[in-house]
Amino acid sequence: MTHQAGVHEKGNFNLDDLMNNIKKNGQFEKTGEIALFIGVARGESNEGEKVEKLTLEAYEEKANEVLEKICDDLTKKQGIVDVQIHHLLGDFNVGDDMVYVSVAGSHRTEVFPVLREAVERYKHEAPVFKKERVIDAKGLAKETWVSEKENSKPQ
């Protein structure tokens, strides 16, 4: 698998696949830094409730298109060799990997800002949808769809 970006069913793509993709880039010899962001399933909702599990779904064709565009845009930046975003779909337990974002480039001063931009862009542009199963204060389970845009906390 050598795709630069996309959505994948959980279990069909992992960190080893990502690293292999990065190293297959024809410009890899220019790389001096690889920065990674790994998004994992958090055990607490933004409201402080205990998260039991998450389910991620996507409008797959559009998500693939958006993720590829983000990677293509960011790869054009000075000193950047490769940008990849791979979002996993399915059911996730607390601590499971959900998304991998990587930026390979010549120097860390070029790589880190692009990594942050890639993460912010995929969170706001890609049609990936998250449903949380939480246990409320009374011990009752409930499931709700979560919008990243509504619930993003300022950095």
# chains A, B, ... in the order shown; residues from 1 in each chain; ligands from 1

call {"tool": "residues_around", "arguments": {"residues": "A:Gly11", "least_positions_apart": "6", "cutoff": "10 Å", "atoms": "only C-alpha atoms", "output": "list in words"}}
result
Leu88, Leu89 and Gly90 of chain A

call {"tool": "write_last_selection", "arguments": {"atoms": "C-alpha atoms", "output": "PDB file, in the first residue's frame"}}
result
ATOM      1  CA  LEU A  88      -9.182   4.599  10.561  1.00  0.00           C
ATOM      2  CA  LEU A  89     -12.882   3.703  10.632  1.00  0.00           C
ATOM      3  CA  GLY A  90     -14.857   1.294  12.793  1.00  0.00           C
TER       4      GLY A  90
END

call {"tool": "select_by_dssp", "arguments": {"residues": "chain A", "states": "strand (DSSP E or B)", "output": "ChimeraX atom specification"}}
result
/A:5-9,33-40,44,50-58,80-93,97-105,128-135,141-146

call {"tool": "residues_around", "arguments": {"residues": "stretch 122-131 of chain A", "least_positions_apart": "3", "cutoff": "7 Å", "atoms": "only C-alpha atoms", "output": "list in words"}}
result
Leu54, Thr55, Leu56, Glu57, Ala58, Tyr59, Lys62, Ala63, Val66, Leu67, Ala118, Val119, Glu143, Thr144, Trp145, Val146, Glu148 and Lys149 of chain A

call {"tool": "write_last_selection", "arguments": {"atoms": "C-alpha atoms", "output": "mmCIF file, in the first residue's frame"}}
result
data_model
loop_
_atom_site.group_PDB
_atom_site.id
_atom_site.type_symbol
_atom_site.label_atom_id
_atom_site.label_comp_id
_atom_site.auth_asym_id
_atom_site.auth_seq_id
_atom_site.Cartn_x
_atom_site.Cartn_y
_atom_site.Cartn_z
ATOM 1 C CA LEU A 54 -16.088 5.269 19.828
ATOM 2 C CA THR A 55 -17.383 4.524 16.365
ATOM 3 C CA LEU A 56 -15.939 6.357 13.374
ATOM 4 C CA GLU A 57 -17.647 6.507 9.999
ATOM 5 C CA ALA A 58 -16.950 8.569 6.894
ATOM 6 C CA TYR A 59 -18.316 9.647 3.564
ATOM 7 C CA LYS A 62 -15.175 12.512 -0.274
ATOM 8 C CA ALA A 63 -12.942 11.875 2.771
ATOM 9 C CA VAL A 66 -10.201 15.811 0.963
ATOM 10 C CA LEU A 67 -7.318 14.013 2.713
ATOM 11 C CA ALA A 118 -2.349 18.958 8.569
ATOM 12 C CA VAL A 119 -4.029 17.909 11.835
ATOM 13 C CA GLU A 143 -24.549 7.219 22.369
ATOM 14 C CA THR A 144 -24.205 10.594 20.675
ATOM 15 C CA TRP A 145 -22.654 11.853 17.449
ATOM 16 C CA VAL A 146 -19.871 14.359 18.131
ATOM 17 C CA GLU A 148 -15.194 18.150 15.952
ATOM 18 C CA LYS A 149 -16.085 21.710 14.934
#

call {"tool": "residues_around", "arguments": {"residues": "A:Ile85", "least_positions_apart": "5", "cutoff": "6 Å", "atoms": "only C-alpha atoms", "output": "list in words"}}
result
Ala5, Tyr100 and Val101 of chain A

call {"tool": "residues_around", "arguments": {"residues": "A:Ser102", "least_positions_apart": "4", "cutoff": "8 Å", "atoms": "only C-alpha atoms", "output": "JSON list (two decimals) with C-alpha atoms, in the first residue's frame"}}
result
[["chain", "number", "residue", "atom", "x", "y", "z"],
["A", 34, "ILE", "CA", 9.68, 12.70, 10.25],
["A", 35, "ALA", "CA", 7.08, 14.10, 12.61],
["A", 36, "LEU", "CA", 4.09, 11.95, 13.59],
["A", 37, "PHE", "CA", 0.72, 12.69, 15.11],
["A", 82, "ASP", "CA", 5.93, 13.94, 2.12],
["A", 83, "VAL", "CA", 2.66, 14.46, 4.01],
["A", 84, "GLN", "CA", 0.32, 11.58, 4.82],
["A", 85, "ILE", "CA", -3.02, 11.36, 6.61],
["A", 115, "LEU", "CA", 2.16, 18.74, 10.97]]

call {"tool": "select_by_dssp", "arguments": {"residues": "stretch 29-104 of chain A", "states": "alpha helix (DSSP H)", "output": "JSON, numbers by chain"}}
result
{"A": [60, 61, 62, 63, 64, 65, 66, 67, 68, 69, 70, 71, 72, 73, 74, 75]}

call {"tool": "closest_residue", "arguments": {"among": "A:Lys77, A:Arg42, A:Lys24, A:Lys69", "to": "A:Met98", "atoms": "only C-alpha atoms"}}
result
A:Arg42

call {"tool": "closest_residue", "arguments": {"among": "A:Asp73, A:Glu132, A:Glu33, A:Glu68", "to": "A:Gly105", "atoms": "only C-alpha atoms"}}
result
A:Glu33

call {"tool": "closest_residue", "arguments": {"among": "A:Glu47, A:Glu52, A:Asp17, A:Glu120", "to": "A:Leu140", "atoms": "only C-alpha atoms"}}
result
A:Glu52

call {"tool": "atom_distance", "arguments": {"atom1": "atom CA of A:Gly6", "atom2": "atom CA of A:Asn25"}}
result
16.5 Å

call {"tool": "decode", "arguments": {"residues": "stretch 11-28 of chain A", "atoms": "N, CA and C atoms", "output": "PDB file, in the first residue's frame"}}
result
ATOM      1  N   GLY A  11      -7.713  -2.052  11.375  1.00  0.00           N
ATOM      2  CA  GLY A  11      -7.069  -3.334  11.146  1.00  0.00           C
ATOM      3  C   GLY A  11      -6.456  -3.471   9.765  1.00  0.00           C
ATOM      4  N   ASN A  12      -6.823  -2.580   8.832  1.00  0.00           N
ATOM      5  CA  ASN A  12      -6.300  -2.653   7.466  1.00  0.00           C
ATOM      6  C   ASN A  12      -5.142  -1.704   7.200  1.00  0.00           C
ATOM      7  N   PHE A  13      -4.752  -0.906   8.198  1.00  0.00           N
ATOM      8  CA  PHE A  13      -3.640   0.026   8.050  1.00  0.00           C
ATOM      9  C   PHE A  13      -3.092   0.283   9.443  1.00  0.00           C
ATOM     10  N   ASN A  14      -1.753   0.328   9.555  1.00  0.00           N
ATOM     11  CA  ASN A  14      -1.158   0.568  10.876  1.00  0.00           C
ATOM     12  C   ASN A  14       0.096   1.423  10.746  1.00  0.00           C
ATOM     13  N   LEU A  15       0.761   1.637  11.870  1.00  0.00           N
ATOM     14  CA  LEU A  15       1.940   2.491  11.904  1.00  0.00           C
ATOM     15  C   LEU A  15       3.071   1.951  11.028  1.00  0.00           C
ATOM     16  N   ASP A  16       3.231   0.638  10.962  1.00  0.00           N
ATOM     17  CA  ASP A  16       4.244   0.055  10.071  1.00  0.00           C
ATOM     18  C   ASP A  16       3.942   0.375   8.611  1.00  0.00           C
ATOM     19  N   ASP A  17       2.655   0.298   8.234  1.00  0.00           N
ATOM     20  CA  ASP A  17       2.267   0.645   6.858  1.00  0.00           C
ATOM     21  C   ASP A  17       2.623   2.101   6.552  1.00  0.00           C
ATOM     22  N   LEU A  18       2.351   2.976   7.516  1.00  0.00           N
ATOM     23  CA  LEU A  18       2.666   4.389   7.339  1.00  0.00           C
ATOM     24  C   LEU A  18       4.162   4.591   7.116  1.00  0.00           C
ATOM     25  N   MET A  19       4.978   4.013   7.968  1.00  0.00           N
ATOM     26  CA  MET A  19       6.429   4.181   7.846  1.00  0.00           C
ATOM     27  C   MET A  19       6.944   3.613   6.520  1.00  0.00           C
ATOM     28  N   ASN A  20       6.397   2.485   6.094  1.00  0.00           N
ATOM     29  CA  ASN A  20       6.786   1.917   4.795  1.00  0.00           C
ATOM     30  C   ASN A  20       6.413   2.859   3.657  1.00  0.00           C
ATOM     31  N   ASN A  21       5.220   3.470   3.731  1.00  0.00           N
ATOM     32  CA  ASN A  21       4.798   4.431   2.712  1.00  0.00           C
ATOM     33  C   ASN A  21       5.767   5.600   2.626  1.00  0.00           C
ATOM     34  N   ILE A  22       6.125   6.148   3.779  1.00  0.00           N
ATOM     35  CA  ILE A  22       7.016   7.312   3.816  1.00  0.00           C
ATOM     36  C   ILE A  22       8.340   6.967   3.140  1.00  0.00           C
ATOM     37  N   LYS A  23       8.893   5.812   3.457  1.00  0.00           N
ATOM     38  CA  LYS A  23      10.207   5.433   2.945  1.00  0.00           C
ATOM     39  C   LYS A  23      10.194   5.079   1.459  1.00  0.00           C
ATOM     40  N   LYS A  24       9.003   4.808   0.915  1.00  0.00           N
ATOM     41  CA  LYS A  24       8.895   4.507  -0.522  1.00  0.00           C
ATOM     42  C   LYS A  24       8.849   5.760  -1.382  1.00  0.00           C
ATOM     43  N   ASN A  25       8.727   6.930  -0.755  1.00  0.00           N
ATOM     44  CA  ASN A  25       8.679   8.179  -1.504  1.00  0.00           C
ATOM     45  C   ASN A  25       9.986   8.344  -2.276  1.00  0.00           C
ATOM     46  N   GLY A  26       9.884   8.672  -3.538  1.00  0.00           N
ATOM     47  CA  GLY A  26      11.055   8.818  -4.396  1.00  0.00           C
ATOM     48  C   GLY A  26      12.009   9.926  -3.973  1.00  0.00           C
ATOM     49  N   GLN A  27      11.534  10.829  -3.127  1.00  0.00           N
ATOM     50  CA  GLN A  27      12.359  11.943  -2.649  1.00  0.00           C
ATOM     51  C   GLN A  27      12.842  11.714  -1.215  1.00  0.00           C
ATOM     52  N   PHE A  28      12.688  10.499  -0.708  1.00  0.00           N
ATOM     53  CA  PHE A  28      12.981  10.228   0.709  1.00  0.00           C
ATOM     54  C   PHE A  28      14.398  10.617   1.124  1.00  0.00           C
TER      55      PHE A  28
END
